[in-house]
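> File follows, model_15.cif with mmCIF, C-alpha atoms and all ligand atoms:
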```cif
data_run
loop_
_atom_site.label_atom_id
_atom_site.label_comp_id
_atom_site.auth_asym_id
_atom_site.auth_seq_id
_atom_site.Cartn_x
_atom_site.Cartn_y
_atom_site.Cartn_z
CA MET A 1 0.00 0.00 0.00
CA ARG A 2 2.78 2.32 0.99
CA GLN A 3 4.80 1.18 -1.99
CA ALA A 4 1.91 1.78 -4.30
CA ARG A 5 1.33 5.21 -2.97
CA HIS A 6 5.02 5.95 -3.42
CA ARG A 7 4.93 4.82 -7.05
CA SER A 8 1.84 6.82 -7.64
CA SER A 9 3.35 10.00 -6.19
CA ARG A 10 6.51 9.44 -8.28
CA ARG A 11 4.41 9.19 -11.40
CA HIS A 12 2.60 12.31 -10.27
CA LEU A 13 5.94 14.05 -9.82
CA GLY A 14 6.83 13.11 -13.40
CA TRP A 15 3.81 14.91 -14.70
CA VAL A 16 4.54 17.96 -12.58
CA VAL A 17 8.11 18.05 -13.90
CA ALA A 18 6.88 17.69 -17.47
CA LEU A 19 4.36 20.44 -16.99
CA PHE A 20 7.02 22.60 -15.39
CA VAL A 21 9.38 21.98 -18.30
CA ILE A 22 6.62 22.93 -20.74
CA LEU A 23 5.87 26.05 -18.76
CA ILE A 24 9.53 27.08 -18.61
CA ALA A 25 9.98 26.40 -22.28
CA GLY A 26 6.82 28.34 -23.07
CA ALA A 27 7.84 31.22 -20.86
CA ALA A 28 11.27 31.26 -22.41
CA ALA A 29 9.83 31.28 -25.93
CA GLY A 30 7.18 33.88 -25.02
CA GLY A 31 9.74 35.90 -23.13
CA GLY A 32 12.05 35.78 -26.10
CA TRP A 33 9.27 36.96 -28.34
CA TRP A 34 8.37 39.66 -25.86
CA LEU A 35 11.99 40.71 -25.47
CA LYS A 36 12.37 40.90 -29.25
CA GLN A 37 9.27 43.04 -29.53
CA ARG A 38 10.58 45.29 -26.81
CA HIS A 39 13.87 45.53 -28.62
CA ASP A 40 12.23 46.28 -32.00
CA HIS A 41 10.03 48.89 -30.43
CA ALA A 42 13.04 50.56 -28.83
CA VAL A 43 14.86 50.54 -32.18
CA ALA A 44 11.83 52.09 -33.92
CA SER A 45 11.56 54.73 -31.19
CA ARG A 46 15.23 55.58 -31.47
CA GLN A 47 14.94 55.80 -35.24
CA LEU A 48 11.94 58.11 -34.93
CA ALA A 49 13.70 60.28 -32.35
CA ALA A 50 16.71 60.55 -34.66
CA LYS A 51 14.50 61.54 -37.60
CA LEU A 52 12.78 64.23 -35.56
CA LYS A 53 16.06 65.51 -34.16
CA ALA A 54 17.49 65.75 -37.68
CA ALA A 55 14.34 67.48 -38.90
CA LYS A 56 14.68 70.15 -36.21
CA ALA A 57 18.45 70.53 -36.53
CA GLY A 58 18.35 70.80 -40.30
CA TRP A 59 15.98 73.77 -40.35
CA SER A 60 16.98 77.40 -40.20
CA GLY A 61 13.50 78.88 -39.85
CA GLU A 62 10.89 78.45 -37.14
CA ILE A 63 10.10 75.06 -35.59
CA VAL A 64 6.59 74.81 -34.17
CA ALA A 65 5.32 71.67 -32.48
CA ALA A 66 1.60 71.00 -32.28
CA LYS A 67 -0.86 68.24 -31.45
CA LEU A 68 -3.45 67.12 -33.94
CA LYS A 69 -6.10 64.42 -33.95
CA GLY A 70 -4.19 61.15 -33.50
CA GLY A 71 -0.66 62.47 -33.40
CA ARG A 72 1.91 65.19 -33.24
CA VAL A 73 3.25 67.58 -35.86
CA ILE A 74 6.53 69.33 -36.18
CA TYR A 75 6.13 72.29 -38.53
CA ARG A 76 9.23 73.62 -40.22
CA LEU A 77 8.16 77.16 -41.10
CA PRO A 78 10.15 79.63 -43.16
CA GLY A 79 11.73 82.82 -41.86
CA ASP A 80 9.62 84.82 -39.45
CA VAL A 81 6.45 82.80 -39.94
CA THR A 82 5.40 81.62 -36.48
CA GLN A 83 2.08 79.92 -37.17
CA PRO A 84 1.04 77.43 -39.83
CA ALA A 85 -1.71 78.63 -42.18
CA PRO A 86 -4.99 76.65 -41.99
CA ALA A 87 -4.25 74.99 -45.35
CA VAL A 88 -0.93 73.75 -43.91
CA ALA A 89 -2.59 72.34 -40.79
CA GLN A 90 -5.05 70.52 -43.07
CA LYS A 91 -2.13 68.93 -44.93
CA ALA A 92 -0.52 67.92 -41.62
CA GLN A 93 -3.70 66.18 -40.54
CA ALA A 94 -3.91 64.47 -43.94
CA ALA A 95 -0.31 63.27 -43.51
CA LEU A 96 -1.12 61.67 -40.14
CA ASP A 97 -4.28 60.15 -41.57
CA ALA A 98 -2.28 58.57 -44.41
CA LEU A 99 -0.44 56.26 -41.94
CA PRO A 100 -1.70 52.66 -41.72
CA LYS A 101 -4.41 51.84 -39.19
CA GLY A 102 -3.05 50.91 -35.77
CA ALA A 103 0.17 52.92 -36.15
CA THR A 104 1.45 54.31 -32.86
CA ALA A 105 3.71 57.25 -32.01
CA LYS A 106 2.30 59.05 -35.04
CA THR A 107 4.32 62.16 -35.87
CA ALA A 108 4.34 64.31 -39.02
CA VAL A 109 7.19 66.55 -40.08
CA VAL A 110 5.69 69.27 -42.28
CA THR A 111 8.03 71.55 -44.21
CA VAL A 112 6.61 74.79 -45.57
CA ALA A 113 8.30 76.75 -48.33
CA LEU A 114 7.17 80.12 -49.63
CA HIS A 115 7.97 81.46 -53.03
CA GLY A 116 7.39 85.13 -53.41
CA VAL A 117 4.66 86.34 -55.73
CA PRO A 118 3.84 90.03 -56.28
CA TYR A 119 2.01 92.36 -53.85
CA GLY A 120 3.80 91.16 -50.69
CA LEU A 121 2.18 87.77 -51.02
CA ALA A 122 3.69 84.34 -51.24
CA SER A 123 2.63 81.02 -52.63
CA LEU A 124 2.92 78.13 -50.27
CA ASP A 125 4.42 74.70 -50.97
CA VAL A 126 4.19 71.90 -48.42
CA ALA A 127 6.21 68.68 -48.12
CA SER A 128 5.20 66.25 -45.37
CA THR A 129 6.55 62.99 -43.99
CA ALA A 130 4.44 61.16 -41.46
CA TYR A 131 6.08 58.57 -39.19
CA GLY A 132 4.40 55.85 -37.15
CA VAL A 133 5.37 52.54 -35.55
CA VAL A 134 3.56 49.70 -37.29
CA ASP A 135 4.23 46.08 -36.27
CA TYR A 136 7.20 47.32 -34.21
CA ARG A 137 8.82 48.91 -37.21
CA LEU A 138 9.11 52.57 -38.17
CA HIS A 139 6.88 53.30 -41.10
CA GLN A 140 6.84 56.55 -43.12
CA VAL A 141 4.61 58.17 -45.75
CA SER A 142 5.67 61.28 -47.72
CA ALA A 143 3.58 63.74 -49.75
CA LYS A 144 4.02 67.08 -51.51
CA ALA A 145 1.65 69.87 -52.52
CA ALA A 146 2.64 72.93 -54.56
CA ASP A 147 0.86 76.31 -54.60
CA LEU A 148 -1.37 75.15 -51.79
CA ALA A 149 -2.44 78.62 -50.75
CA THR A 150 -1.56 82.26 -51.05
CA VAL A 151 -0.43 83.90 -47.86
CA ILE A 152 0.92 87.22 -46.70
CA GLN A 153 4.66 86.84 -47.11
CA ALA A 154 5.59 88.59 -43.89
CA THR A 155 3.31 86.59 -41.60
CA GLY A 156 2.41 83.40 -43.43
CA GLN A 157 -1.24 84.08 -42.72
CA PRO A 158 -3.96 83.68 -45.38
CA ALA A 159 -4.24 86.52 -47.87
CA THR A 160 -7.42 88.43 -48.61
CA LEU A 161 -8.27 90.45 -51.69
CA ARG A 162 -7.40 93.61 -49.74
CA GLN A 163 -3.70 92.79 -50.16
CA LEU A 164 -4.21 93.03 -53.92
CA VAL A 165 -6.98 95.53 -54.57
CA ASP A 166 -7.81 99.00 -53.27
CA THR A 167 -11.36 99.57 -54.43
CA ASP A 168 -14.59 97.73 -55.07
CA PRO A 169 -14.83 98.74 -58.78
CA ALA A 170 -11.37 97.18 -59.26
CA ARG A 171 -12.62 93.98 -57.61
CA ARG A 172 -15.61 93.90 -59.98
CA ALA A 173 -13.35 94.51 -62.98
CA ILE A 174 -11.26 91.49 -61.94
CA ASN A 175 -14.39 89.37 -61.59
CA TYR A 176 -15.46 90.42 -65.08
CA GLN A 177 -12.06 89.42 -66.49
CA ALA A 178 -12.60 86.04 -64.79
CA ARG A 179 -16.06 85.75 -66.39
CA GLN A 180 -14.43 86.29 -69.77
CA VAL A 181 -11.95 83.50 -69.05
CA MET A 182 -14.87 81.25 -68.01
CA ALA A 183 -16.93 81.99 -71.15
CA ASN A 184 -14.88 83.20 -74.12
CA GLY A 185 -14.54 80.63 -76.86
CA LEU A 186 -16.23 77.89 -74.83
CA HIS A 187 -19.60 77.77 -76.66
CA LEU A 188 -21.68 77.87 -73.47
CA ASP A 189 -25.44 77.52 -73.77
CA ALA A 190 -27.74 80.28 -72.46
CA ALA A 191 -28.00 78.77 -68.97
CA GLY A 192 -24.24 78.27 -68.79
CA LEU A 193 -23.60 81.87 -69.81
CA GLN A 194 -25.99 83.21 -67.17
CA ARG A 195 -24.28 81.03 -64.54
CA VAL A 196 -20.95 82.59 -65.50
CA LEU A 197 -22.41 86.12 -65.36
CA GLN A 198 -23.93 85.46 -61.93
CA ALA A 199 -21.09 83.46 -60.33
CA PRO A 200 -20.12 85.16 -57.04
CA LEU A 201 -16.34 84.81 -57.64
CA LEU A 202 -14.55 87.36 -55.41
CA ALA A 203 -17.56 88.49 -53.40
CA ASN A 204 -15.93 91.36 -51.51
CA LEU A 205 -12.55 92.77 -50.54
CA ASP A 206 -12.27 90.33 -47.61
CA ALA A 207 -12.57 87.35 -49.96
CA GLY A 208 -9.77 84.82 -49.57
CA ASN A 209 -10.88 82.34 -52.25
CA PHE A 210 -7.95 82.88 -54.59
CA ARG A 211 -4.37 81.85 -55.20
CA LEU A 212 -1.73 84.03 -56.77
CA SER A 213 1.32 82.86 -58.68
CA ALA A 214 3.85 84.91 -60.59
CA THR A 215 1.69 84.65 -63.70
CA THR A 216 -1.88 83.75 -62.69
CA LEU A 217 -4.67 84.77 -60.36
CA THR A 218 -6.75 81.66 -59.70
CA ILE A 219 -10.20 82.17 -58.20
CA THR A 220 -11.47 79.15 -56.25
CA ASP A 221 -14.86 78.03 -54.96
CA GLN A 222 -15.83 77.16 -51.36
CA ALA A 223 -14.13 73.77 -51.69
CA GLN A 224 -10.92 75.51 -52.87
CA LYS A 225 -11.38 74.11 -56.38
CA PRO A 226 -10.24 76.44 -59.19
CA VAL A 227 -13.11 78.25 -60.93
CA ALA A 228 -11.13 80.60 -63.18
CA ALA A 229 -7.41 80.98 -63.82
CA VAL A 230 -6.92 84.56 -64.98
CA PRO A 231 -3.57 85.56 -66.49
CA LEU A 232 -2.07 88.27 -64.32
CA ALA A 233 -1.40 90.31 -67.46
CA LYS A 234 -5.19 90.73 -67.84
CA VAL A 235 -5.80 92.00 -64.30
CA ASP A 236 -2.60 93.61 -63.04
CA ARG A 237 -3.82 97.04 -64.10
CA PHE A 238 -6.68 96.65 -61.60
CA LEU A 239 -4.37 95.58 -58.76
CA LYS A 240 -2.67 97.95 -56.32
CA GLY A 241 -0.38 100.36 -58.10
CA GLY A 242 -1.65 99.18 -61.48
CA ARG A 243 -2.71 101.66 -64.10
CA GLY A 244 -3.88 101.83 -67.65
CA VAL A 245 -1.68 103.44 -70.23
CA GLU A 246 -3.67 106.18 -71.93
CA LEU A 247 -2.34 106.98 -75.37
CA PRO A 248 -0.52 110.32 -75.42
CA GLY A 249 -0.49 112.82 -78.26
CA LYS A 250 -3.08 113.93 -80.76
CA VAL A 251 -5.25 110.82 -80.82
CA ILE A 252 -9.01 110.56 -81.28
CA ALA A 253 -11.57 107.73 -81.31
CA LEU A 254 -14.38 107.55 -83.86
CA THR A 255 -17.48 105.71 -82.61
CA PHE A 256 -20.59 104.50 -84.43
CA ASP A 257 -23.84 103.71 -82.57
CA ASP A 258 -27.16 101.98 -83.32
CA GLY A 259 -25.91 99.47 -85.95
CA PRO A 260 -25.20 97.13 -87.42
CA ASN A 261 -27.01 98.22 -90.57
CA PRO A 262 -26.82 95.85 -93.57
CA THR A 263 -26.29 98.69 -96.07
CA LEU A 264 -24.50 101.52 -94.28
CA THR A 265 -22.23 99.59 -91.91
CA PRO A 266 -20.39 97.91 -94.84
CA GLN A 267 -19.98 101.33 -96.51
CA ILE A 268 -18.47 102.73 -93.31
CA LEU A 269 -16.22 99.67 -92.96
CA ALA A 270 -15.00 100.22 -96.52
CA ALA A 271 -14.25 103.92 -95.87
CA LEU A 272 -12.35 103.03 -92.69
CA LYS A 273 -10.40 100.36 -94.50
CA THR A 274 -9.47 102.66 -97.36
CA ALA A 275 -8.23 105.26 -94.89
CA GLY A 276 -6.45 102.70 -92.69
CA VAL A 277 -8.49 103.72 -89.65
CA LYS A 278 -9.83 101.58 -86.78
CA ALA A 279 -13.00 102.70 -84.99
CA THR A 280 -15.39 101.45 -82.30
CA PHE A 281 -18.95 100.26 -83.03
CA PHE A 282 -21.57 100.22 -80.24
CA MET A 283 -24.12 97.73 -81.52
CA LEU A 284 -27.69 96.99 -80.55
CA GLY A 285 -28.45 93.39 -79.60
CA SER A 286 -31.46 93.45 -81.91
CA GLY A 287 -29.22 94.57 -84.80
CA ILE A 288 -26.69 91.83 -84.11
CA HIS A 289 -29.59 89.36 -84.02
CA ASP A 290 -30.98 90.59 -87.34
CA TYR A 291 -27.65 91.08 -89.17
CA PRO A 292 -25.10 88.71 -87.65
CA ALA A 293 -23.01 88.60 -90.84
CA THR A 294 -22.63 92.39 -90.82
CA ALA A 295 -21.77 92.33 -87.13
CA ARG A 296 -19.12 89.66 -87.73
CA ALA A 297 -17.69 91.65 -90.65
CA VAL A 298 -17.08 94.55 -88.26
CA ALA A 299 -15.23 92.24 -85.88
CA ALA A 300 -13.29 90.57 -88.70
CA SER A 301 -12.05 93.95 -89.95
CA GLY A 302 -10.25 94.57 -86.65
CA ASN A 303 -12.56 97.31 -85.46
CA GLU A 304 -13.65 97.35 -81.83
CA ILE A 305 -17.17 96.37 -80.77
CA GLY A 306 -19.13 97.49 -77.73
CA ILE A 307 -22.81 97.18 -76.85
CA HIS A 308 -25.59 99.76 -76.91
CA THR A 309 -28.27 97.68 -75.08
CA TYR A 310 -30.55 95.14 -76.75
CA ASP A 311 -33.10 97.53 -78.24
CA HIS A 312 -32.10 101.07 -77.37
CA GLN A 313 -33.88 101.57 -74.09
CA TYR A 314 -33.59 104.62 -71.87
CA LEU A 315 -31.94 102.72 -69.01
CA PRO A 316 -32.83 105.06 -66.09
CA GLY A 317 -36.51 104.45 -66.94
CA LEU A 318 -36.18 100.68 -66.37
CA SER A 319 -36.11 98.53 -63.26
CA VAL A 320 -32.67 97.13 -62.45
CA ALA A 321 -33.87 93.69 -63.60
CA ALA A 322 -35.05 95.07 -66.94
CA GLY A 323 -31.83 97.08 -67.27
CA LEU A 324 -29.78 93.95 -66.64
CA GLU A 325 -31.73 92.19 -69.38
CA GLN A 326 -30.63 95.01 -71.72
CA VAL A 327 -26.97 94.56 -70.79
CA TYR A 328 -26.45 90.99 -69.61
CA GLY A 329 -29.59 88.93 -70.35
CA LYS A 330 -30.52 88.68 -74.01
CA MET A 331 -27.95 91.33 -74.97
CA ALA A 332 -24.96 89.34 -73.67
CA GLN A 333 -26.52 86.14 -75.00
CA THR A 334 -26.90 87.52 -78.53
CA TYR A 335 -23.42 89.03 -78.45
CA TYR A 336 -21.92 85.77 -77.17
CA GLN A 337 -23.68 83.64 -79.78
CA THR A 338 -22.38 85.91 -82.53
CA PHE A 339 -18.83 86.68 -81.41
CA GLY A 340 -18.07 83.85 -78.95
CA THR A 341 -16.98 86.32 -76.28
CA LEU A 342 -18.51 88.53 -73.60
CA PRO A 343 -18.98 92.24 -74.34
CA THR A 344 -16.56 94.59 -72.58
CA LEU A 345 -17.79 98.13 -73.33
CA LEU A 346 -21.23 99.68 -72.86
CA ARG A 347 -22.48 102.86 -74.41
CA PRO A 348 -25.80 103.57 -72.70
CA PRO A 349 -28.41 105.00 -75.13
CA TYR A 350 -28.61 108.81 -74.74
CA GLY A 351 -25.52 108.50 -72.49
CA ALA A 352 -27.94 107.72 -69.67
CA ILE A 353 -27.42 105.10 -66.98
CA GLY A 354 -28.56 105.15 -63.32
CA LYS A 355 -26.42 104.38 -60.29
CA GLN A 356 -28.35 101.23 -59.41
CA LEU A 357 -27.87 99.56 -62.76
CA ALA A 358 -24.24 100.74 -62.91
CA ALA A 359 -23.72 98.95 -59.59
CA ALA A 360 -25.33 95.77 -60.89
CA GLU A 361 -23.50 95.32 -64.20
CA ASP A 362 -19.75 95.34 -64.67
CA LEU A 363 -19.20 97.12 -67.99
CA PRO A 364 -17.70 100.63 -68.05
CA ALA A 365 -19.98 103.27 -69.61
CA ILE A 366 -18.38 104.99 -72.59
CA GLN A 367 -19.58 108.55 -73.29
CA TRP A 368 -18.24 111.03 -75.84
CA THR A 369 -16.66 114.47 -76.17
CA THR A 370 -17.78 115.42 -79.69
CA ASP A 371 -21.37 114.92 -80.85
CA SER A 372 -21.49 114.91 -84.65
CA GLN A 373 -25.27 115.58 -84.40
CA ASP A 374 -25.58 113.43 -87.52
CA TRP A 375 -28.97 112.10 -86.37
CA GLU A 376 -30.20 115.72 -86.29
CA SER A 377 -28.64 117.38 -89.31
CA LYS A 378 -28.65 114.31 -91.56
CA ASN A 379 -26.30 116.40 -93.72
CA ALA A 380 -22.76 115.40 -94.71
CA GLY A 381 -21.45 118.98 -94.82
CA ALA A 382 -22.92 119.85 -91.43
CA ILE A 383 -21.45 116.64 -89.93
CA LEU A 384 -18.00 117.51 -91.29
CA ASN A 385 -18.09 121.06 -89.93
CA ARG A 386 -19.43 119.98 -86.56
CA VAL A 387 -16.69 117.34 -86.02
CA LYS A 388 -13.91 119.56 -87.41
CA GLY A 389 -14.98 122.41 -85.18
CA THR A 390 -15.39 120.55 -81.88
CA ALA A 391 -12.80 117.73 -81.94
CA TYR A 392 -9.90 117.76 -79.50
CA ALA A 393 -6.99 115.48 -78.60
CA GLY A 394 -7.98 112.50 -76.47
CA GLY A 395 -11.61 112.93 -77.52
CA ILE A 396 -14.34 110.50 -78.52
CA VAL A 397 -16.53 111.34 -81.54
CA LEU A 398 -20.16 110.17 -81.55
CA MET A 399 -21.64 109.14 -84.91
CA HIS A 400 -24.25 106.62 -86.09
CA ASP A 401 -23.82 103.90 -88.71
CA ILE A 402 -27.54 104.05 -89.51
CA GLN A 403 -27.30 107.56 -90.99
CA PRO A 404 -26.64 107.75 -94.78
CA ALA A 405 -25.15 111.24 -94.33
CA THR A 406 -22.58 109.81 -91.90
CA ALA A 407 -21.43 107.19 -94.41
CA GLN A 408 -21.23 109.98 -97.00
CA ALA A 409 -19.31 112.36 -94.70
CA LEU A 410 -16.86 109.85 -93.23
CA PRO A 411 -14.04 110.01 -95.85
CA ASN A 412 -13.99 113.83 -95.55
CA VAL A 413 -14.18 113.72 -91.73
CA ILE A 414 -11.13 111.43 -91.63
CA ARG A 415 -9.25 113.58 -94.16
CA ALA A 416 -10.02 116.80 -92.24
CA LEU A 417 -8.99 115.40 -88.84
CA ARG A 418 -5.82 113.94 -90.36
CA GLY A 419 -5.12 117.36 -91.79
CA GLN A 420 -5.32 118.71 -88.21
CA GLY A 421 -2.73 116.12 -87.14
CA TYR A 422 -5.00 113.52 -85.52
CA ARG A 423 -4.26 109.82 -85.28
CA PHE A 424 -7.24 107.43 -85.04
CA VAL A 425 -7.48 104.79 -82.29
CA THR A 426 -10.16 102.58 -80.72
CA VAL A 427 -11.87 103.57 -77.48
CA SER A 428 -10.00 101.04 -75.35
CA GLU A 429 -6.67 102.08 -76.87
CA LEU A 430 -7.47 105.72 -76.15
CA LEU A 431 -8.57 105.12 -72.56
CA GLY A 432 -5.78 102.74 -71.72
CA GLY A 433 -7.66 99.63 -70.70
CA ARG A 434 -8.07 100.31 -66.97
CA LEU A 435 -11.81 100.76 -67.39
CA LEU A 436 -13.86 100.29 -64.24
CA PRO A 437 -17.44 99.14 -63.67
CA GLY A 438 -19.62 101.87 -62.22
CA HIS A 439 -17.50 104.52 -63.95
CA GLN A 440 -18.15 106.51 -67.11
CA TYR A 441 -15.55 107.80 -69.52
CA PHE A 442 -15.99 110.97 -71.53
CA GLY A 443 -12.53 110.96 -73.10
CA ARG A 444 -8.90 110.67 -72.15
CA GLY A 445 -8.39 111.89 -68.57
CA ASP A 446 -12.11 112.39 -67.95
CA GLU A 447 -13.36 109.52 -65.80
CA ARG A 448 -16.30 109.97 -63.42
CA PRO A 449 -18.32 107.67 -61.17
CA VAL A 450 -21.83 107.11 -62.56
ZN ZN B 1 -28.13 105.20 -79.79
#
```
Could the structure of this file be written out as structure tokens, please?


Amino acid sequence: MRQARHRSSRRHLGWVVALFVILIAGAAAGGGWWLKQRHDHAVASRQLAAKLKAAKAGWSGEIVAAKLKGGRVIYRLPGDVTQPAPAVAQKAQAALDALPKGATAKTAVVTVALHGVPYGLASLDVASTAYGVVDYRLHQVSAKAADLATVIQATGQPATLRQLVDTDPARRAINYQARQVMANGLHLDAAGLQRVLQAPLLANLDAGNFRLSATTLTITDQAQKPVAAVPLAKVDRFLKGGRGVELPGKVIALTFDDGPNPTLTPQILAALKTAGVKATFFMLGSGIHDYPATARAVAASGNEIGIHTYDHQYLPGLSVAAGLEQVYGKMAQTYYQTFGTLPTLLRPPYGAIGKQLAAAEDLPAIQWTTDSQDWESKNAGAILNRVKGTAYAGGIVLMHDIQPATAQALPNVIRALRGQGYRFVTVSELLGGRLLPGHQYFGRGDERPV
């Protein structure tokens, strides 16, 4: 009995020893695995620390550390910039988010570079590398974004239109240049054209929805997507310090209203061509609609074309909505269908436009300095004498290409003015191209708010 018990306890001991051996072996294996993990983790941490140290040491500008959702960021900012712009912080967050799920010790190094663009602004480039420990190894993801935002060069903070533009008419002129970029040559349908004309674009001087490069002003929408990329050469005259270049010397602009006329407009074109003169035609929308071939012949001959409303309305007598229909609505539509571009100059019938409409449409109003009174005299000799007697340098001469006497008088008018030393130019050449919405132009050096 005793013997048996002894044998039994010895066998029992054998099992205990075996179990113990298994446990030791298991612990040793598990411990080895655990030790290796601990070692790998320490290596990854050291590697990360070295990367971050190098990132800080290798930067001559500002270093700013910040916490974001799920990790840390080290911003390497240029020069005196002490705070990352919102667009940069967004990129930092995106860099952290690009790391694999489950990564620990997430840290992004975000390097910001500015390249100077005009007007004390700078365009912002961002390069990011996000680090994280994944499966006990250091993992990294890099990304780059160029021209991410436009900021004030001195502070790195987001730019507003105020850095670029002094006045509201200049802002509207820039928007209208953008509308031309969005429409010209693109064969938009009527709805598309109205969308372009009504797009908010740069809504006020505090607007920040743009980016500026050395060559382009890009207007963006709420989601920062580009809406119109406007060459700087088209808008720099409306920006701070910009100016139009009015033509000096004894220059004068001949203008013809109320056409096109299928008989008289071609006669006038022929007289201009013979004399080597370019003029400006302010056309009615209804005339363009009825005689598109004549209208296109005016454009093809290199003369300038402006609009004179759709059907010759006295604009101050209309509601703003009806006035807009005369300038933008069916007028712009007819013009666009015929020429493929948006109109840029408005001559209001009778020279009359009210403040409210002038605030609602973006075309400059072109007036005149010399009235030929051709519509009144209907006499070629009287027209010649009237123009000869009242013309002056930098002036704009009002005539009508629906008057037979005007077509008859034109060769003599040109000859007489040439004899007085005048050179003939288009209205936009004369006025220098810095023409503002809400303003009216009576001649060179005579610009007045409506
Ligand atoms: Zn008229």

> With all atoms listed in the file as the counted atoms, please give the residues lying no more than 9 Å from stretch 317-323 of chain A, apart from itself and same-chain residues fewer than 4 positions off, as a PyMOL selection string.

chain A and resi 309+313+327-329+354+356-357+360

> Within 7 Å of stretch 105-119 of chain A, which residues of stretch 125-153 of chain A come that close, and what is the closest atom pair and distance in Å for each? Count all atoms listed in the file and give it as a Markdown table.


```
| residue | atom | partner | partner_atom | distance |
| --- | --- | --- | --- | --- |
| A:Asp125 | CA | A:Ala113 | CA | 5.1 |
| A:Val126 | CA | A:Val112 | CA | 4.7 |
| A:Ala127 | CA | A:Thr111 | CA | 5.2 |
| A:Ser128 | CA | A:Val110 | CA | 4.3 |
| A:Thr129 | CA | A:Val109 | CA | 5.3 |
| A:Ala130 | CA | A:Ala108 | CA | 4.0 |
| A:Tyr131 | CA | A:Thr107 | CA | 5.2 |
| A:Gly132 | CA | A:Lys106 | CA | 4.4 |
| A:Val133 | CA | A:Ala105 | CA | 6.1 |
```

> Applying 6 Å and all atoms listed in the file, which residues near stretch 418-424 of chain A remain after dropping the ones on its own chain fewer than 5 positions away? List them as a PDB file with C-alpha atoms, keeping the file's coordinate frame.


```
ATOM      1  CA  LYS A 250      -3.080 113.930 -80.760  1.00  0.00           C
ATOM      2  CA  VAL A 251      -5.250 110.820 -80.820  1.00  0.00           C
ATOM      3  CA  ILE A 252      -9.010 110.560 -81.280  1.00  0.00           C
ATOM      4  CA  ALA A 253     -11.570 107.730 -81.310  1.00  0.00           C
TER       5      ALA A 253
END
```

> Residues within 8 Å of ligand ZN 1 (chain B) (all atoms listed in the file), as a list in words?

Asp257, Asp258, His308, His312, Pro348, Pro349, Tyr350 and His400 of chain A

> Could you write out the selected residues, including C-alpha atoms, as a PDB file, in the frame of the given file?


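Wrote again21.pdb, looks like this:
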```
ATOM      1  CA  ASP A 257     -23.840 103.710 -82.570  1.00  0.00           C
ATOM      2  CA  ASP A 258     -27.160 101.980 -83.320  1.00  0.00           C
ATOM      3  CA  HIS A 308     -25.590  99.760 -76.910  1.00  0.00           C
ATOM      4  CA  HIS A 312     -32.100 101.070 -77.370  1.00  0.00           C
ATOM      5  CA  PRO A 348     -25.800 103.570 -72.700  1.00  0.00           C
ATOM      6  CA  PRO A 349     -28.410 105.000 -75.130  1.00  0.00           C
ATOM      7  CA  TYR A 350     -28.610 108.810 -74.740  1.00  0.00           C
ATOM      8  CA  HIS A 400     -24.250 106.620 -86.090  1.00  0.00           C
TER       9      HIS A 400
END
```

> Interatomic distance between atom CA of A:Ala89 and atom CA of A:His41?

28.6 Å

> In Å, with one decimal, what is the gap from atom CA of A:Leu363 to atom CA of A:Ala170?

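These atoms are spaced 11.7 Å apart.
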
> Of the candidates A:Arg171, A:Arg444, A:Arg347, A:Arg434, which shows the shortest atom-to-atom distance to A:Ala393, using all atoms listed in the file?

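Answer, going by the shortest atom-to-atom distance: A:Arg444.
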
> Which residue, A:Gln37, A:Ser60, A:Gln157, A:Thr220, has the smallest gap to A:Thr82 when you use only C-alpha atoms?

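Result for the nearest residue to A:Thr82: A:Gln157.
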
> I need the residue nearest A:Asp401 from this list: A:Leu52, A:Val235, A:Ala190, A:Ile268. Use all atoms listed in the file for the distance.

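Counting all atoms listed in the file, the residue closest to A:Asp401 is A:Ile268.
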
> For a quick check of understanding, using only C-alpha atoms, which of A:Gly287, A:Pro404, A:Gly351, A:Pro226 has the smallest distance to A:Gln267?

A:Pro404

> Rounded to one decimal, what separation in Å do you get between atom CA of A:Pro316 and atom CA of A:Ala332?

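Those two atoms sit 19.1 Å apart.
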